[in-house]
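Student: Below is the file input15.csv, which contains CSV, C-alpha atoms.
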```
chain,number,residue,atom,x,y,z
A,2,MET,CA,-0.9,29.9,-45.4
A,3,LYS,CA,-1.1,26.4,-46.8
A,4,ILE,CA,1.5,25.2,-44.3
A,5,TYR,CA,-0.5,26.7,-41.4
A,6,LYS,CA,-3.7,25.2,-42.7
A,7,GLY,CA,-1.9,21.8,-43.0
A,8,LEU,CA,-0.7,22.1,-39.4
A,9,LEU,CA,-4.1,23.0,-38.1
A,10,LEU,CA,-5.7,20.2,-40.0
A,11,GLY,CA,-3.2,17.8,-38.5
A,12,ILE,CA,-3.8,19.0,-35.0
A,13,ILE,CA,-7.6,18.7,-35.5
A,14,CYS,CA,-7.1,15.1,-36.8
A,15,ILE,CA,-5.0,14.1,-33.8
A,16,PHE,CA,-7.6,15.5,-31.3
A,17,THR,CA,-10.4,13.9,-33.3
A,18,TYR,CA,-8.6,10.5,-33.3
A,19,GLN,CA,-7.9,10.8,-29.5
A,20,PHE,CA,-11.5,11.7,-28.7
A,21,SER,CA,-12.8,8.9,-30.9
A,22,PHE,CA,-10.4,6.4,-29.2
A,23,ALA,CA,-11.3,7.6,-25.8
A,24,GLN,CA,-15.0,7.2,-26.7
A,25,ASN,CA,-14.3,3.6,-27.6
A,26,TYR,CA,-12.2,2.8,-24.5
A,27,PRO,CA,-12.7,0.2,-23.2
A,28,ASP,CA,-13.9,-2.1,-26.0
A,29,ARG,CA,-12.7,-5.3,-24.4
A,30,ALA,CA,-11.9,-6.8,-21.0
A,31,ILE,CA,-9.6,-5.0,-18.6
A,32,ARG,CA,-7.3,-6.9,-16.2
A,33,ILE,CA,-6.2,-5.7,-12.8
A,34,VAL,CA,-3.0,-7.4,-11.8
A,35,VAL,CA,-2.5,-8.1,-8.1
A,36,PRO,CA,1.1,-9.1,-7.3
A,37,PHE,CA,-0.1,-11.2,-4.3
A,38,SER,CA,-2.2,-14.3,-3.8
A,39,GLY,CA,-4.8,-13.0,-1.4
A,40,GLY,CA,-5.5,-10.9,1.6
A,41,SER,CA,-7.2,-7.5,1.9
A,42,VAL,CA,-5.3,-6.2,-1.2
A,43,ASP,CA,-7.1,-8.9,-3.2
A,44,VAL,CA,-10.4,-8.0,-1.6
A,45,MET,CA,-9.8,-4.3,-2.7
A,46,ALA,CA,-9.0,-5.4,-6.2
A,47,ARG,CA,-12.2,-7.3,-6.5
A,48,LEU,CA,-14.3,-4.5,-5.1
A,49,MET,CA,-12.8,-2.2,-7.7
A,50,ALA,CA,-13.2,-4.7,-10.5
A,51,ASN,CA,-16.9,-5.3,-9.8
A,52,LYS,CA,-17.7,-1.6,-9.7
A,53,MET,CA,-15.6,-0.6,-12.7
A,54,ALA,CA,-17.2,-3.4,-14.7
A,55,GLU,CA,-20.7,-2.1,-13.9
A,56,SER,CA,-19.8,1.4,-15.0
A,57,LEU,CA,-17.7,0.7,-18.0
A,58,LYS,CA,-19.9,-2.1,-19.3
A,59,GLN,CA,-16.9,-4.3,-19.9
A,60,ALA,CA,-15.5,-7.3,-18.0
A,61,VAL,CA,-12.8,-6.3,-15.4
A,62,ILE,CA,-10.8,-9.4,-14.4
A,63,VAL,CA,-8.5,-9.7,-11.3
A,64,GLU,CA,-5.4,-11.6,-12.0
A,65,ASN,CA,-3.2,-12.7,-9.1
A,66,ARG,CA,0.4,-13.0,-10.0
A,67,PRO,CA,2.4,-13.4,-6.8
A,68,GLY,CA,6.1,-14.0,-6.4
A,69,ALA,CA,9.4,-12.2,-5.8
A,70,GLY,CA,7.9,-10.0,-3.1
A,71,GLY,CA,5.5,-8.5,-5.6
A,72,ASN,CA,8.0,-7.9,-8.4
A,73,ILE,CA,6.6,-10.6,-10.7
A,74,GLY,CA,3.1,-9.0,-11.0
A,75,ALA,CA,4.5,-5.5,-11.2
A,76,GLU,CA,6.9,-6.5,-14.0
A,77,ILE,CA,4.0,-7.9,-16.0
A,78,VAL,CA,2.3,-4.6,-15.9
A,79,ALA,CA,5.5,-2.6,-16.5
A,80,LYS,CA,6.1,-4.5,-19.7
A,81,SER,CA,2.6,-4.7,-21.0
A,82,ASN,CA,1.1,-2.6,-23.8
A,83,PRO,CA,0.3,1.0,-22.5
A,84,ASP,CA,-3.3,0.8,-23.8
A,85,GLY,CA,-5.2,0.9,-20.5
A,86,TYR,CA,-6.1,-2.8,-20.5
A,87,THR,CA,-3.6,-3.8,-17.9
A,88,ILE,CA,-3.7,-2.1,-14.5
A,89,LEU,CA,-1.6,-2.8,-11.4
A,90,LEU,CA,-3.1,-2.7,-8.0
A,91,ASP,CA,-0.1,-2.7,-5.6
A,92,THR,CA,0.8,-1.8,-2.1
A,93,MET,CA,3.4,0.5,-0.6
A,94,GLY,CA,5.8,-2.4,-1.3
A,95,LEU,CA,6.2,-0.9,-4.8
A,96,ALA,CA,7.9,2.1,-3.2
A,97,ILE,CA,10.1,-0.1,-1.0
A,98,ARG,CA,11.5,-2.7,-3.4
A,99,PRO,CA,13.9,-0.3,-5.3
A,100,ALA,CA,15.8,0.4,-2.1
A,101,LEU,CA,15.8,-3.2,-1.0
A,102,HIS,CA,17.1,-5.0,-4.1
A,103,LYS,CA,20.4,-4.5,-5.9
A,104,LYS,CA,18.7,-5.3,-9.2
A,105,MET,CA,15.1,-4.7,-10.3
A,106,PRO,CA,13.3,-6.0,-13.4
A,107,PHE,CA,11.8,-2.6,-13.9
A,108,ASP,CA,12.3,1.1,-13.0
A,109,VAL,CA,9.5,2.3,-10.7
A,110,ASN,CA,10.1,5.9,-11.6
A,111,LYS,CA,10.1,5.4,-15.4
A,112,ASP,CA,8.0,2.3,-16.1
A,113,PHE,CA,4.7,3.3,-14.3
A,114,ILE,CA,2.2,6.1,-14.2
A,115,PRO,CA,0.7,6.5,-10.7
A,116,VAL,CA,-3.0,6.8,-11.1
A,117,THR,CA,-4.5,7.2,-7.6
A,118,GLN,CA,-4.1,6.1,-4.0
A,119,LEU,CA,-7.3,4.1,-3.3
A,120,VAL,CA,-7.0,3.8,0.5
A,121,SER,CA,-4.6,4.2,3.4
A,122,VAL,CA,-4.1,1.0,5.4
A,123,PRO,CA,-3.3,2.0,9.0
A,124,LEU,CA,-1.4,-0.6,11.0
A,125,ILE,CA,-1.5,-1.3,14.7
A,126,LEU,CA,1.2,-2.0,17.3
A,127,VAL,CA,0.2,-4.9,19.5
A,128,ALA,CA,1.9,-6.9,22.2
A,129,SER,CA,1.8,-10.4,23.6
A,130,ASN,CA,0.0,-10.6,27.0
A,131,SER,CA,3.2,-11.8,28.5
A,132,ALA,CA,5.3,-8.8,27.3
A,133,PRO,CA,6.3,-6.4,30.2
A,134,ILE,CA,4.7,-3.4,28.5
A,135,SER,CA,1.3,-1.9,28.3
A,136,ASN,CA,1.6,1.3,26.3
A,137,VAL,CA,4.1,3.3,24.1
A,138,GLN,CA,5.8,4.9,27.1
A,139,SER,CA,6.4,1.6,28.9
A,140,LEU,CA,7.7,0.0,25.7
A,141,LEU,CA,10.2,2.8,25.1
A,142,LYS,CA,11.3,2.7,28.8
A,143,TYR,CA,11.8,-1.1,28.8
A,144,ALA,CA,13.6,-1.1,25.4
A,145,LYS,CA,16.0,1.6,26.6
A,146,GLU,CA,16.8,-0.3,29.8
A,147,LYS,CA,17.3,-3.6,27.9
A,148,PRO,CA,18.4,-3.0,24.3
A,149,GLY,CA,17.5,-5.8,21.9
A,150,VAL,CA,15.6,-7.9,24.5
A,151,ILE,CA,12.2,-7.0,23.0
A,152,ASN,CA,11.7,-9.0,19.9
A,153,TYR,CA,9.2,-8.4,17.1
A,154,GLY,CA,7.7,-10.4,14.2
A,155,HIS,CA,7.8,-9.3,10.6
A,156,ALA,CA,6.8,-10.9,7.3
A,157,GLY,CA,10.1,-10.3,5.4
A,158,ILE,CA,13.2,-8.3,5.2
A,159,GLY,CA,12.4,-4.7,4.3
A,160,GLY,CA,8.6,-5.3,4.2
A,161,THR,CA,6.1,-2.7,5.4
A,162,LEU,CA,5.7,-4.3,8.8
A,163,GLN,CA,9.4,-4.4,9.5
A,164,LEU,CA,9.9,-0.8,8.4
A,165,ALA,CA,7.1,0.3,10.6
A,166,VAL,CA,8.8,-1.2,13.7
A,167,GLU,CA,12.2,0.0,12.6
A,168,LEU,CA,10.9,3.6,12.2
A,169,PHE,CA,9.5,3.3,15.8
A,170,ALA,CA,12.9,2.1,17.0
A,171,ASN,CA,14.8,4.9,15.1
A,172,MET,CA,12.5,7.6,16.4
A,173,GLY,CA,12.5,6.3,19.9
A,174,ASN,CA,16.2,5.7,19.9
A,175,VAL,CA,15.8,2.1,21.0
A,176,LYS,CA,16.7,-1.3,19.6
A,177,PHE,CA,14.5,-4.4,18.9
A,178,THR,CA,15.3,-7.8,17.6
A,179,GLY,CA,13.4,-8.9,14.5
A,180,VAL,CA,12.1,-12.4,13.9
A,181,PRO,CA,11.0,-13.3,10.4
A,182,TYR,CA,7.7,-15.2,9.6
A,183,LYS,CA,6.0,-16.2,6.4
A,184,GLY,CA,3.0,-13.8,6.8
A,185,ASP,CA,0.6,-12.0,9.0
A,186,ALA,CA,-1.1,-15.2,10.2
A,187,GLN,CA,2.1,-16.7,11.5
A,188,ILE,CA,3.1,-13.5,13.2
A,189,THR,CA,-0.3,-13.4,15.0
A,190,THR,CA,0.1,-17.0,16.1
A,191,ALA,CA,3.6,-16.2,17.5
A,192,LEU,CA,2.2,-13.3,19.5
A,193,LEU,CA,-0.7,-15.4,20.9
A,194,SER,CA,1.8,-18.2,21.8
A,195,LYS,CA,4.1,-15.6,23.4
A,196,GLU,CA,7.0,-16.5,21.0
A,197,ILE,CA,7.5,-12.8,20.3
A,198,ASP,CA,6.7,-9.6,22.3
A,199,ILE,CA,5.4,-7.1,19.8
A,200,ALA,CA,4.4,-6.7,16.1
A,201,ILE,CA,2.9,-4.1,13.9
A,202,LEU,CA,0.1,-5.7,11.8
A,203,PRO,CA,-2.9,-4.7,9.7
A,204,VAL,CA,-5.8,-3.8,12.0
A,205,SER,CA,-8.1,-6.3,10.4
A,206,THR,CA,-5.7,-9.1,11.1
A,207,VAL,CA,-5.7,-8.7,14.9
A,208,ILE,CA,-8.8,-6.8,15.9
A,209,GLN,CA,-10.6,-9.9,17.0
A,210,TYR,CA,-7.8,-10.8,19.4
A,211,ILE,CA,-7.7,-7.3,20.8
A,212,ASN,CA,-11.5,-7.4,21.4
A,213,THR,CA,-11.2,-10.7,23.3
A,214,GLY,CA,-8.2,-9.5,25.4
A,215,ASN,CA,-5.8,-12.0,23.9
A,216,LEU,CA,-3.5,-9.3,22.7
A,217,LYS,CA,-2.6,-5.9,24.1
A,218,VAL,CA,-3.1,-2.9,21.9
A,219,ILE,CA,-0.3,-0.2,22.1
A,220,GLY,CA,-1.4,2.2,19.4
A,221,ILE,CA,-2.5,3.0,15.8
A,222,THR,CA,0.4,3.8,13.4
A,223,SER,CA,-1.5,6.5,11.4
A,224,SER,CA,-1.3,10.2,12.1
A,225,LYS,CA,-4.9,10.3,13.3
A,226,ARG,CA,-7.3,7.9,15.0
A,227,LEU,CA,-9.3,5.5,12.9
A,228,ALA,CA,-13.0,6.4,12.4
A,229,SER,CA,-13.8,2.7,12.9
A,230,LEU,CA,-11.9,2.5,16.2
A,231,PRO,CA,-11.9,6.0,17.7
A,232,GLU,CA,-11.1,4.7,21.2
A,233,ILE,CA,-7.6,3.4,20.2
A,234,PRO,CA,-5.0,6.2,20.4
A,235,THR,CA,-2.3,6.8,17.8
A,236,ILE,CA,1.4,6.0,18.6
A,237,SER,CA,2.1,9.7,18.0
A,238,GLU,CA,-0.3,11.0,20.7
A,239,SER,CA,0.8,8.2,23.1
A,240,GLY,CA,4.4,9.2,23.5
A,241,LEU,CA,6.3,9.1,20.2
A,242,SER,CA,5.5,12.5,18.6
A,243,ASP,CA,5.2,12.7,14.8
A,244,TYR,CA,5.4,8.9,14.3
A,245,GLU,CA,3.3,7.8,11.3
A,246,SER,CA,3.6,4.7,9.2
A,247,SER,CA,0.7,3.5,7.0
A,248,SER,CA,0.6,1.3,4.0
A,249,TRP,CA,-1.6,2.0,0.9
A,250,TYR,CA,-3.3,0.3,-2.0
A,251,SER,CA,-3.0,2.2,-5.3
A,252,LEU,CA,-3.4,1.9,-9.0
A,253,PHE,CA,-0.7,2.2,-11.6
A,254,VAL,CA,-0.6,1.8,-15.4
A,255,PRO,CA,2.4,1.3,-17.7
A,256,ALA,CA,4.4,4.4,-18.7
A,257,LYS,CA,3.3,6.0,-22.0
A,258,THR,CA,-0.4,5.1,-21.4
A,259,PRO,CA,-2.3,8.0,-23.1
A,260,ASP,CA,-3.4,10.8,-20.7
A,261,TYR,CA,-7.0,10.5,-21.7
A,262,ILE,CA,-7.1,6.8,-20.8
A,263,VAL,CA,-5.3,7.5,-17.5
A,264,LYS,CA,-8.0,10.0,-16.8
A,265,ILE,CA,-10.8,7.6,-17.6
A,266,ILE,CA,-9.3,4.9,-15.3
A,267,HIS,CA,-8.8,7.6,-12.5
A,268,GLN,CA,-12.4,8.7,-12.9
A,269,GLU,CA,-13.8,5.2,-12.8
A,270,ALA,CA,-11.7,4.3,-9.7
A,271,ILE,CA,-12.9,7.4,-7.8
A,272,ARG,CA,-16.5,6.6,-8.8
A,273,ALA,CA,-16.1,3.0,-7.6
A,274,LEU,CA,-14.6,4.1,-4.3
A,275,ASN,CA,-17.4,6.5,-3.5
A,276,THR,CA,-20.3,4.1,-3.9
A,277,PRO,CA,-22.0,3.6,-0.6
A,278,ASP,CA,-21.5,-0.2,-0.3
A,279,THR,CA,-17.8,0.1,-1.2
A,280,LYS,CA,-17.4,2.8,1.5
A,281,ASP,CA,-19.0,0.5,4.0
A,282,LYS,CA,-16.7,-2.4,3.1
A,283,ILE,CA,-13.6,-0.1,3.3
A,284,TYR,CA,-14.8,1.0,6.8
A,285,ALA,CA,-15.3,-2.6,7.9
A,286,MET,CA,-11.7,-3.4,6.9
A,287,HIS,CA,-10.5,-0.5,9.1
A,288,GLN,CA,-9.0,1.3,6.1
A,289,GLU,CA,-9.3,5.0,5.2
A,290,LEU,CA,-10.7,6.0,1.8
A,291,ILE,CA,-8.4,8.4,0.0
A,292,GLY,CA,-9.1,8.6,-3.8
A,293,SER,CA,-6.4,11.0,-4.5
A,294,SER,CA,-5.8,13.1,-7.6
A,295,GLN,CA,-3.3,11.7,-10.1
A,296,ALA,CA,-0.9,14.6,-9.4
A,297,GLY,CA,-1.3,14.3,-5.7
A,298,PHE,CA,-0.5,10.6,-5.7
A,299,GLU,CA,2.4,10.9,-8.0
A,300,LYS,CA,4.0,13.4,-5.5
A,301,LYS,CA,3.3,11.1,-2.6
A,302,PHE,CA,4.7,8.0,-4.4
A,303,LYS,CA,8.0,9.8,-5.1
A,304,SER,CA,8.2,11.1,-1.6
A,305,ASP,CA,7.6,7.6,-0.2
A,306,ILE,CA,10.3,6.1,-2.3
A,307,GLU,CA,12.8,8.6,-0.9
A,308,LYS,CA,11.6,8.2,2.7
A,309,VAL,CA,11.8,4.4,2.6
A,310,SER,CA,15.3,4.5,1.0
A,311,LYS,CA,16.5,6.7,3.8
A,312,LEU,CA,14.9,4.5,6.5
A,313,ILE,CA,16.4,1.3,5.1
A,314,LYS,CA,19.9,2.8,5.1
A,315,GLU,CA,19.6,4.2,8.6
A,316,SER,CA,18.2,0.9,10.0
A,317,GLY,CA,21.0,-1.2,8.5
A,318,ILE,CA,18.5,-3.5,6.7
A,319,PRO,CA,20.5,-5.7,4.3
A,320,ILE,CA,20.1,-5.1,0.6
A,321,GLN,CA,18.8,-8.2,-1.1
A,322,GLU,CA,20.2,-9.8,-4.3
```
Will you turn the file into structure tokens for me?
Tutor:
Amino acid sequence: MKIYKGLLLGIICIFTYQFSFAQNYPDRAIRIVVPFSGGSVDVMARLMANKMAESLKQAVIVENRPGAGGNIGAEIVAKSNPDGYTILLDTMGLAIRPALHKKMPFDVNKDFIPVTQLVSVPLILVASNSAPISNVQSLLKYAKEKPGVINYGHAGIGGTLQLAVELFANMGNVKFTGVPYKGDAQITTALLSKEIDIAILPVSTVIQYINTGNLKVIGITSSKRLASLPEIPTISESGLSDYESSSWYSLFVPAKTPDYIVKIIHQEAIRALNTPDTKDKIYAMHQELIGSSQAGFEKKFKSDIEKVSKLIKESGIPIQE
């Protein structure tokens, strides 16, 4: 009987300690690490930080740690204390890097806890005004007649933008020639100056040039039309059935972060996403609010890792050192 009472007392003490700790979290500043220097992912991080700070009554600081395609910032979080005070806000690139590099400074499956997918970031396939195409069907037709003649811009080997085009090529049984650039801005300039024929880019990057007629729109990469641009059809409905390729912005914490802290971070992230002004800003950036459950995002993250690995192998994209 004394043993059972001792065990019961121990369990009660553990739960009391956890409840007390959870009640005190956070008691100091939280940092959200963004493994890039700017762009819409940085905008999203600052939106989240401001809203979470208001609710938690603690400072939430955005720390940009770019480099190594996102691995530097991610490594910082992977190796930080699992206490809820260091959060990673990353893109789908975190699911891509393991298949792209021979060696990684961390294990994406073991070193992180996926917290939630914040938003989906649909991309858009656009073409230079000089390209001999006007829609999905004409692009497929021309590419089959002249394999490799159509060239496309991308922002790095194995990046989201390249994989989106290679998925299109694989599904359409066609071949394009990739041309690397430093980033979205350089790709857009190359399209406008007719250096390249097509590219898949974030909608917010090129919408102004679509509206002015300086670029031709071919289709949205998501599975459904964007609420902010309902007049633009998806690639799937335009001739390449079941095509879908979107990026995402999501939150992660280090492995071994206590469940109750993960739940608090998840709860605060969902609260931040669903404030009216945040919803308006997400809509204006042509993104889709998701706010997934922890279990739902964990399942999606693992699935994306597998899908990307398969696509990289099938596309013959070279593995990086």
Student: Need the shell around Glu299 of chain A: protein/DNA/RNA residues with any atom at most 10 Å away, counting only C-alpha atoms. Skip same-chain ones fewer than 4 positions apart. Format as a list in words?
Tutor: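 With the cut-off at 10 Å, the set is Asn110, Ile114, Pro115, Val116, Thr117, Gln118, Phe253, Ser293, Ser294, Gln295, Lys303, Ser304 and Asp305 of chain A.
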Student: So that I can see what lies close to Ile197 of chain A, please list as a list in words the residues with an atom at most 12 Å from it, counting only C-alpha atoms and leaving out residues fewer than 5 positions away in the same chain.
Tutor: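 Within the cut-off, the hits are Val127, Ala128, Ser129, Asn130, Ser131, Ala132, Pro133, Val150, Ile151, Asn152, Tyr153, Gly154, His155, Phe177, Thr178, Gly179, Val180, Pro181, Tyr182, Gln187, Ile188, Thr189, Thr190, Ala191, Leu192 and Leu216 of chain A.
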Student: Identify, on the basis of all atoms listed in the file, every residue whose closest approach to segment 240-242 of chain A does not exceed 8 Å; exclude the query and any residue fewer than 5 positions from it along the same chain; express the result as a PyMOL selection string.
Tutor: chain A and resi 137-138+169+172-173
Student: Give as a list in words each residue that has an atom at most 9 Å from (14.7, -1.9, 5.3) in the file, counting all atoms listed in the file.
Tutor: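 Taken together, the residues in range are Ile97, Ala100, Leu101, Ile158, Gly159, Gly160, Thr161, Gln163, Leu164, Glu167, Val309, Ser310, Lys311, Leu312, Ile313, Lys314, Glu315, Ser316, Gly317, Ile318, Pro319 and Ile320 of chain A.
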Student: List the spatial neighbours of segment 75-82 of chain A as a ChimeraX atom specification - criterion: any atom at most 10 Å away, all atoms listed in the file, same-chain residues fewer than 2 positions off excluded.
Tutor: /A:32-36,66-73,84-91,95,105-109,111-114,253-258
Student: Quick one, how far is atom CA of Ile271 of chain A from atom CA of Gln288 of chain A?
Tutor: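 Those two atoms sit 15.7 Å apart.
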Student: So, counting all atoms listed in the file, which residue among A:Pro231, A:Tyr244, A:Val61, A:Ile266 is closest to Asn171 of chain A?
Tutor: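 Going through A:Pro231, A:Tyr244, A:Val61, A:Ile266 one by one, the smallest distance to Asn171 of chain A is for A:Tyr244.
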Student: Excluding same-chain residues fewer than 6 positions from His287 of chain A, what lies within 9 Å of it counting all atoms listed in the file, as number ranges by chain?
Tutor: A: 122-123, 203-205, 227-230
Student: Hey, can you check how far atom CA of Lys225 of chain A sits from atom CA of Asp198 of chain A?
Tutor: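 Spanning atom CA of Lys225 of chain A to atom CA of Asp198 of chain A is a straight-line distance of 24.7 Å.
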Student: Compute the distance from (-2.0, -6.5, 0.8) to each atom, counting all atoms listed in the file, keep the residues with any atom at most 8 Å away, and return them as a list in words; use the coordinates of the file.
Tutor: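 Looking at atoms near the point gives Phe37, Gly39, Gly40, Ser41, Val42, Asp43, Asp91, Thr92 and Tyr250 of chain A.
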Student: Which of these residues is nearest to Ser251 of chain A, using only C-alpha atoms: A:Phe302, A:Glu55, A:Gly149, A:Ile125?
Tutor: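 Checking each candidate against Ser251 of chain A, we get A:Phe302 as the closest.
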Student: Smallest atom-to-atom distance to Ala285 of chain A: which of A:Ile208, A:Leu141, A:Ala30, A:Ser223, using all atoms listed in the file?
Tutor: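 Going through A:Ile208, A:Leu141, A:Ala30, A:Ser223 one by one, the smallest distance to Ala285 of chain A is for A:Ile208.
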Student: Could you tell me how far atom CA of Ser224 of chain A sits from atom CA of Ser237 of chain A, in Å to one decimal place?
Tutor: 6.8 Å
Student: Atoms are missing here; could segment 196-223 of chain A be completed with N, CA and C atoms and written as a short mmCIF file (atom, residue, chain, number, x, y, z; two decimals), in the frame of the given file?
Tutor:
```cif
data_model
loop_
_atom_site.label_atom_id
_atom_site.label_comp_id
_atom_site.auth_asym_id
_atom_site.auth_seq_id
_atom_site.Cartn_x
_atom_site.Cartn_y
_atom_site.Cartn_z
N GLU A 196 5.70 -16.30 21.60
CA GLU A 196 7.00 -16.50 21.00
C GLU A 196 7.74 -15.15 20.81
N ILE A 197 6.95 -14.12 20.51
CA ILE A 197 7.50 -12.80 20.30
C ILE A 197 6.74 -11.79 21.20
N ASP A 198 7.33 -10.62 21.37
CA ASP A 198 6.70 -9.60 22.30
C ASP A 198 5.79 -8.67 21.59
N ILE A 199 6.19 -8.15 20.43
CA ILE A 199 5.40 -7.10 19.80
C ILE A 199 5.37 -7.37 18.25
N ALA A 200 4.46 -6.69 17.59
CA ALA A 200 4.40 -6.70 16.10
C ALA A 200 3.53 -5.54 15.69
N ILE A 201 3.79 -5.06 14.50
CA ILE A 201 2.90 -4.10 13.90
C ILE A 201 2.23 -4.84 12.70
N LEU A 202 0.89 -4.86 12.71
CA LEU A 202 0.10 -5.70 11.80
C LEU A 202 -1.08 -4.86 11.25
N PRO A 203 -1.69 -5.30 10.15
CA PRO A 203 -2.90 -4.70 9.70
C PRO A 203 -3.99 -4.81 10.79
N VAL A 204 -4.78 -3.77 10.98
CA VAL A 204 -5.80 -3.80 12.00
C VAL A 204 -6.74 -4.98 11.86
N SER A 205 -7.17 -5.23 10.63
CA SER A 205 -8.10 -6.30 10.40
C SER A 205 -7.61 -7.67 10.78
N THR A 206 -6.29 -7.84 10.80
CA THR A 206 -5.70 -9.10 11.10
C THR A 206 -5.83 -9.46 12.62
N VAL A 207 -5.75 -8.45 13.47
CA VAL A 207 -5.70 -8.70 14.90
C VAL A 207 -6.79 -8.13 15.75
N ILE A 208 -7.73 -7.44 15.14
CA ILE A 208 -8.80 -6.80 15.90
C ILE A 208 -9.58 -7.75 16.77
N GLN A 209 -9.82 -8.94 16.25
CA GLN A 209 -10.60 -9.90 17.00
C GLN A 209 -9.88 -10.32 18.32
N TYR A 210 -8.55 -10.39 18.26
CA TYR A 210 -7.80 -10.80 19.40
C TYR A 210 -7.62 -9.64 20.42
N ILE A 211 -7.69 -8.44 19.93
CA ILE A 211 -7.70 -7.30 20.80
C ILE A 211 -9.03 -7.23 21.55
N ASN A 212 -10.12 -7.45 20.81
CA ASN A 212 -11.50 -7.40 21.40
C ASN A 212 -11.67 -8.47 22.47
N THR A 213 -11.03 -9.63 22.29
CA THR A 213 -11.20 -10.70 23.30
C THR A 213 -10.16 -10.66 24.39
N GLY A 214 -9.25 -9.70 24.33
CA GLY A 214 -8.20 -9.50 25.40
C GLY A 214 -7.06 -10.47 25.24
N ASN A 215 -6.91 -11.12 24.08
CA ASN A 215 -5.80 -12.00 23.90
C ASN A 215 -4.50 -11.34 23.45
N LEU A 216 -4.64 -10.08 23.02
CA LEU A 216 -3.50 -9.30 22.70
C LEU A 216 -3.66 -7.86 23.28
N LYS A 217 -2.56 -7.24 23.63
CA LYS A 217 -2.60 -5.90 24.10
C LYS A 217 -2.40 -4.89 23.01
N VAL A 218 -3.22 -3.87 22.95
CA VAL A 218 -3.10 -2.90 21.90
C VAL A 218 -2.19 -1.72 22.45
N ILE A 219 -1.22 -1.32 21.66
CA ILE A 219 -0.30 -0.20 22.10
C ILE A 219 -0.65 1.06 21.35
N GLY A 220 -0.97 0.98 20.06
CA GLY A 220 -1.40 2.20 19.40
C GLY A 220 -1.49 2.02 17.86
N ILE A 221 -2.27 2.92 17.25
CA ILE A 221 -2.50 3.00 15.80
C ILE A 221 -1.27 3.70 15.18
N THR A 222 -0.83 3.24 14.02
CA THR A 222 0.40 3.80 13.40
C THR A 222 0.08 5.06 12.56
N SER A 223 -1.17 5.32 12.23
CA SER A 223 -1.50 6.50 11.40
C SER A 223 -1.39 7.77 12.17
#
```
